[in-house]
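Here's the structure, in structure tokens; my notes come after.
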Amino acid sequence: MSSTELHNVSVCSDIGGELHRLIADLYPICRSITGEGLRETLRVLGQYVPLDLREVPTGTQVFDWTVPKEWNIRDAYVKNSRGERVIDFRSSNLHVVNYSAPVRRKMRLAELKMHLFTLPDRPDWIPYRTSYYNETWGFCISHRQLEGLPDDEYEVVIDSTLQPGSLSYGEYFLSGELPDEIIISTHCCHPSMCNDNLSGIAIATFLAKHLSMRPRRYSYRFLFIPGTIGAITWLALNEEKISRIRHGLVLTGLGDSGKLHYKKSRQASADIDLAAAHVLHHGAYQHQLLDFSPYGYDERQFCSPGINLAVGRLSRSPHGTFPEYHTSADDLAFVHPENLAESFDACLQILALLERNGTFLNLNPKCEPQLGKRGLYTMIGGARDAGTRELAMLWVLNLSDGSHSLLDIAERSKLSFELVRAAAENLQEQGLLRECLEFVRPMPSESVERTES
Amino acid sequence: MSSTELHNVSVCSDIGGELHRLIADLYPICRSITGEGLRETLRVLGQYVPLDLREVPTGTQVFDWTVPKEWNIRDAYVKNSRGERVIDFRSSNLHVVNYSAPVRRKMRLAELKMHLFTLPDRPDWIPYRTSYYNETWGFCISHRQLEGLPDDEYEVVIDSTLQPGSLSYGEYFLSGELPDEIIISTHCCHPSMCNDNLSGIAIATFLAKHLSMRPRRYSYRFLFIPGTIGAITWLALNEEKISRIRHGLVLTGLGDSGKLHYKKSRQASADIDLAAAHVLHHGAYQHQLLDFSPYGYDERQFCSPGINLAVGRLSRSPHGTFPEYHTSADDLAFVHPENLAESFDACLQILALLERNGTFLNLNPKCEPQLGKRGLYTMIGGARDAGTRELAMLWVLNLSDGSHSLLDIAERSKLSFELVRAAAENLQEQGLLRECLEFVRPMPSESVERTES
Amino acid sequence: MSSTELHNVSVCSDIGGELHRLIADLYPICRSITGEGLRETLRVLGQYVPLDLREVPTGTQVFDWTVPKEWNIRDAYVKNSRGERVIDFRSSNLHVVNYSAPVRRKMRLAELKMHLFTLPDRPDWIPYRTSYYNETWGFCISHRQLEGLPDDEYEVVIDSTLQPGSLSYGEYFLSGELPDEIIISTHCCHPSMCNDNLSGIAIATFLAKHLSMRPRRYSYRFLFIPGTIGAITWLALNEEKISRIRHGLVLTGLGDSGKLHYKKSRQASADIDLAAAHVLHHGAYQHQLLDFSPYGYDERQFCSPGINLAVGRLSRSPHGTFPEYHTSADDLAFVHPENLAESFDACLQILALLERNGTFLNLNPKCEPQLGKRGLYTMIGGARDAGTRELAMLWVLNLSDGSHSLLDIAERSKLSFELVRAAAENLQEQGLLRECLEFVRPMPSESVERTES
């Protein structure tokens with residue numbers, strides 16, 4: 001049994017503060033699914049871990065999609081007839097519909113209004129809107145501002161470019177003892193919003209840093225990618241790597257004060273699903289488990305039927321269930337160091353469990369081995385109960401028939417994984433157990449199609 | 001995807017009234033498992049749909065059974081010593097135990113009483129009793145009448161015949177695009193009772209008429225048969241057709257004011273079982289699902305282990321659970337046009353769902369296809385939630401791996417079948433989906449026997 | 001269908017009293033996992049059934065274990081400086097830690113205390129302690145006595161021997177029509193305690209006597225063995241017999257006033273598990289079912305992964321859940337004739353069910369056979385409900401496709417096993433059913449190991 005210290009979480013004492021500071025650094029940048037804002041974000045992350053920056057040219061075919069033109073923006077505003085900037089990109093990058101085509105025109109309020117987006121029921125907040133694959137333009141403002149706009153002739157300027165360029169993403173690979181990989185994926189295409197998804201970006205970055213300094217059984221691949229098109233691009237260009245991915249997590253929305261939500265993979269009871277449920281339950285986190293659905297973040301792509309990876313998603317409040325979602329109210333005050341720290345801790349515990357899980361064979365399967373002569377069992381008999389340490393050994397021996405992992409045994413015995421793991425280590429040291437090292441990977445469900453045609 | 005309008009229910013505005021009128025027409029006829037009353041009933045139905053009238057001779061061996069002698073009755077009464085008819089077949093055909101052998105004798109009350117059946121706890125109602133395979137005779141009267149009968153010498157006459165003849169049944173076959181059949185079976189052997197089973201007969205007749213005028217994917221076979229012996233006779237004489245039957249419904253007791261009850265097939269989760277459950281749930285019918293049991297109506301035969309068809313049963317109040325069951329109180333007032341109409345509607349919805357169900361393959365199974373460029377997805381992103389239309393498309397794409405039907409997808413996503421179906425149609429039109437047309441039929445469970453011997 | 005009267009329990013009218021008297025006879029004997037006390041106990045049981053007494057020499061290797069030295073004890077005491085026996089083996093054999101090595105020394109209280117065991121929270125009771133595989137010695141006394149012991153010079157004597165000898169056990173084999181066996185195993189190594197496990201010993205003895213006088217389909221093997229080492233010894237020396245064992249019960253703790261607890265086998269839904277659950281439920285016993293766990297009595301060995309027999313355990317209050325467990329309070333007053341009688345009855349009902357269970361084939365699987373012409377069905381039809389007798393026949397016919405046992409049918413139909421069995425007998429007499437006689441035994445789960453290496 002390989003020694004690994006991943007689970008001995010000796011993180012810096014103020015991980016929550018460090019995460020929040022990284023979020024604050026990244027907050028002002030105007031990100032999108034391509035462009036300089038995205039690149040700059042990846043460069044900042046590169047100061048924490050030696051990220052590989054990848055560039056995929058505009059026009060590259062990725063499955064059913066095409067890498068779009070690169071979008072960059074220098075400035076944008078709406079000026080009234082007195083030359084005052086009544087809407088100003090420099091005060092919030094949410095004011096511009098993300099991926100807006102360039103525009104430079106004068107128009108009356110009536111025409112301008114057809115390009116304005118607001119949130120009537122949250123009159124002080126600016127909404128976040130995008131128009132990636134449809135060349136148009138628009139501004140997002142507070143509803144209160146809209147209501148106060150007088151008729152006037154307005155000068156409308158979006159100083160953006162939509163030109164051939166590339167889609168950028170960051171990748172960080174950490175090799176472990178095994179070629180089998182765990183992927184951690186997080187989207188990094190959202191402009192100035194903190195929970196969605198600077199929280200996920202920050203936690204993934206610090207996880208990468210933390211894991212890089214410790215022994216690892218699994219190899220790890222961290223993906224910092226623009227949502228949807230980034231996941232599709234990575235999967236399309238790395239199909240030969242997919243079969244090595246055994247577990248995965250999509251990280252997003254991890255800084256708000258809601259409880260943790262783990263959304264299961266399409267496989268529903270893959271090891272990542274069991275591990276997350278076990279950690280959230282035994283770690284006494286306030287939490288809720290969600291069934292897989294094909295709506296959400298990049299788990300949509302990782303869990304598409306022809307990919308079908310064991311990738312779940314960890315969030316706090318699920319997207320769309322809190323009013324600040326996709327608005328200017330998802331700001332630095334909306335994410336809290338203590339929540340970020342707890343989310344980071346949960347991720348680490350889940351990964352530690354996967355690292356330390358395994359399937360063992362009882363080498364003495366006929367009757368119990370004599371634990372007492374090996375110093376593993378109380379020598380004075382007759383007491384009311386075996387201790388949980390002894391119970392854990394009995395469970396491991398009884399179920400280690402090659403078809404139950406330690407995690408399965410923990411679930412069945414209702415004991416904590418660490419107790420079961422410790423029992424297995426004791427038994428292995430005594431030569432009573434050996435690990436089965438082969439992995440069985442479920443086939444992607446598209447295989448049905450192949451056999452048919 | 002074939003265009004079918006079955007689900008666009010444009011039934012005449014007063015289907016409930018029409019059903020009730022047919023019931024009223026058939027009510028006076030004295031039906032039994034053979035004989036002129038049964039034949040006359042089938043002839044009336046022939047005015048609605050071109051029913052094939054089949055005659056199977058007395059003595060025909062049908063599996064373990066033999067087609068019995070044909071029973072006919074002209075008159076029956078009990079006269080007191082003053083020559084007054086105190087029990088008169090002409091006032092209710094329930095007065096005679098169905099299939100009574102002829103009798104013409106005088107006897108005292110004490111002897112007569114041994115042939116009288118009453119319902120002590122419902123003293124004003126006449127019970128319905130039968131004696132098909134045991135040549136005897138009897139009368140059924142109200143308990144109040146029994147209590148008032150003075151000792152006397154009574155003239156007892158049953159002017160019936162039990163002679164070689166035939167068993168009659170009606171069959172109506174509607175061919176569809178597929179050779180695969182849906183059977184609708186209803187018993188038509190009960191004399192003057194409305195719910196059991198003139199309601200089933202009327203609804204099956206109007207379903208047949210309705211379906212005959214619309215495009216159909218499935219072929220349909222309607223069976224109007226005497227209970228038990230009719231189902232056994234049909235199955236024994238049509239064994240080669242059994243393998244074409246994919247779904248089936250036994251219809252009975254569909255006019256009372258109780259809620260709808262669907263009794264599952266022996267297979268328990270066949271498509272017909274899922275379809276009925278889905279329609280009853282999503283159609284917001286007051287309803288209850290019942291597990292299969294080998295007691296009830298002709299589902300007993302269709303679901304015997306060597307036949308094992310996917311045949312469920314739709315009823316309102318289950319037999320034996322309401323006091324009017326098998327009594328003279330199951331009369332024209334016990335069945336209501338609005339209940340008949342609702343039952344008819346539920347049948348039609350279940351059939352429409354089966355017609356429109358199918359299993360599809362996502363032709364772009366790796367990651368999501370780009371719905372936006374096909375006009376299937378909102379172009380301005382960032383809003384709180386996808387609409388249910390978009391959700392339905394994502395579910396269909398995610399689960400269309402060849403092992404989930406649209407009905408499975410509807411159940412899993414908790415969306416309505418029609419929404420899921422519409423999404424599949426949109427996706428198919430865009431070339432993103434194709435239908436798998438092979439059907440897999442479960443083996444009858446008798447196969448166990450074959451492999452053993 | 002073989003005639004067996006096992007289920008017609010015509011036990012002597014005072015089985016509870018007889019069981020209690022046997023317990024009282026065995027109570028004074030100082031048993032251990034080897035030695036004369038164990039032998040004497042088996043000799044007493046030999047007066048009830050012709051038990052084979054087996055002796056396995058010290059040093060015999062049994063899987064991972066070695067048969068230990070034989071322990072015998074003549075006397076033991078602690079005398080104070082006035083020569084008074086303050087602790088006396090002759091007043092309770094629990095006073096000596098079972099398997100204590102010989103000792104004969106003087107010592108002050110302080111040293112003596114290191115060898116004294118008490119129960120502080122039950123100050124009047126003597127605990128039961130053992131030290132089988134670790135040569136040491138000790139005394140068990142009430143906590144009140146410990147608190148009253150003055151400092152003094154004590155003479156400490158344990159006049160025991162630990163020498164090469166043998167491990168004794170009793171075995172009683174009853175052959176039946178089938179070579180397939182049911183084992184009944186009970187541990188008999190505990191000194192003066194009644195519930196644990198003279199109750200199990202007494203019930204197993206009377207079951208053996210009862211079964212020996214009746215026709216049996218199964219063969220039965222009764223094992224009266226020292227706990228753990230006895231079970232391991234028997235399994236190690238009788239590996240070739242293991243494959244014949246189809247069902248088994250470990251009996252222990254069957255005399256207290258708690259409700260019955262059935263602990264499932266590792267297989268969880270073996271026939272023994274279903275049978276016990278059915279009997280406890282339909283027999284209206286106060287009871288609870290427990291999932292398998294690898295802690296408890298000799299089911300630990302029978303259900304180890306490389307043995308994996310369908311062996312469950314029947315007890316009343318589970319070990320460790322009542323304060324009297326493993327103390328001097330588990331005495332003759334703690335076990336009650338009425339509880340012993342009820343436990344005996346439950347065992348007999350479970351065995352009777354297994355004897356009478358079977359899997360049948362409906363020889364007329366297409367539609368129902370005509371029960372009426374065989375006198376199996378009411379001839380006057382139309383009544384509200386079939387009787388349960390008729391319902392049971394319909395269930396047996398419907399599910400007798402070779403894959404459902406009578407017990408399965410009873411569970412599915414929610415009818416009692418006896419009703420279902422009677423229906424099957426009626427149908428078999430009529431030639432409508434025949435029994436499938438092949439048994440399918442699950443593989444021990446160690447098979448995984450074999451295929452891997």
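Labels used: A, B, ... for chains in the order of the structure tokens, numbers from 1 for residues in each chain, and numbers from 1 for ligands as shown.
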Only residues of chain B matter here; which ones have an atom within 12 Å of chain A, counting only C-alpha atoms? Give them as an MDAnalysis selection string.
chainID B and resid 359:375 377:388 390:404 409 412:414 432:438
In range 121-234 of chain C, DSSP strand (DSSP E or B) residues written as a count of residues only
38
Would you mind telling me which residue in A:Leu45, A:Asp159, A:Glu411, A:Gly148 lies nearest to Leu19 in chain A when using only C-alpha atoms?
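For Leu19 in chain A, the nearest of the candidates is A:Leu45.
From CA of Pro102 in chain C back to CA of Ile158 in chain C, the distance works out to 5.0 Å.
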Excluding Leu274 in chain C and any residue of its chain fewer than 3 positions from it, enumerate the residues within 12 Å of it, using only C-alpha atoms, and give them as a PyMOL selection string.
chain C and resi 247+262-265+267-271+277-282+289+310-312+350-351+353-354+357+405-412+417
Close residues, range 27-37 of chain C itself excluded, 8 Å, only C-alpha atoms, min 4 positions apart in chain, as a ChimeraX atom specification
/C:23,41,69-72,93,98-99,166-168,188-194,198,226-227,229-230,332
Hey, can you spit out that residue selection with C-alpha atoms as a PDB file, in the first residue's frame?
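Just written: result.pdb:
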ATOM      1  CA  ILE C  23     -30.138 -26.090  31.024  1.00  0.00           C
ATOM      2  CA  THR C  41     -21.411 -31.522  28.623  1.00  0.00           C
ATOM      3  CA  LYS C  69      -3.476 -27.113  24.572  1.00  0.00           C
ATOM      4  CA  GLU C  70      -6.226 -28.720  26.580  1.00  0.00           C
ATOM      5  CA  TRP C  71      -7.278 -26.788  29.682  1.00  0.00           C
ATOM      6  CA  ASN C  72      -8.494 -28.459  32.847  1.00  0.00           C
ATOM      7  CA  ASN C  93     -16.693 -21.038  37.892  1.00  0.00           C
ATOM      8  CA  ASN C  98     -11.347 -19.051  31.553  1.00  0.00           C
ATOM      9  CA  TYR C  99      -8.161 -20.804  30.327  1.00  0.00           C
ATOM     10  CA  SER C 166      -7.522 -32.472  22.367  1.00  0.00           C
ATOM     11  CA  LEU C 167     -10.393 -30.257  21.366  1.00  0.00           C
ATOM     12  CA  SER C 168     -13.714 -32.049  21.736  1.00  0.00           C
ATOM     13  CA  CYS C 188     -20.800 -25.038  23.938  1.00  0.00           C
ATOM     14  CA  CYS C 189     -17.656 -23.516  25.420  1.00  0.00           C
ATOM     15  CA  HIS C 190     -19.209 -21.060  27.868  1.00  0.00           C
ATOM     16  CA  PRO C 191     -19.143 -21.963  31.577  1.00  0.00           C
ATOM     17  CA  SER C 192     -22.040 -21.193  33.930  1.00  0.00           C
ATOM     18  CA  MET C 193     -24.211 -18.949  31.793  1.00  0.00           C
ATOM     19  CA  CYS C 194     -27.689 -19.967  30.724  1.00  0.00           C
ATOM     20  CA  LEU C 198     -27.045 -23.328  27.316  1.00  0.00           C
ATOM     21  CA  PRO C 226     -16.508 -24.631  21.034  1.00  0.00           C
ATOM     22  CA  GLY C 227     -16.936 -21.095  19.628  1.00  0.00           C
ATOM     23  CA  ILE C 229     -11.903 -22.552  17.114  1.00  0.00           C
ATOM     24  CA  GLY C 230     -14.547 -25.291  16.989  1.00  0.00           C
ATOM     25  CA  LEU C 332     -31.264 -19.859  35.520  1.00  0.00           C
TER      26      LEU C 332
END
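Take CA of Thr186 in chain C and CA of Ala76 in chain C: the distance between them is 28.4 Å.
Here CA of His261 in chain B and CA of Leu419 in chain C stand 28.0 Å from one another.
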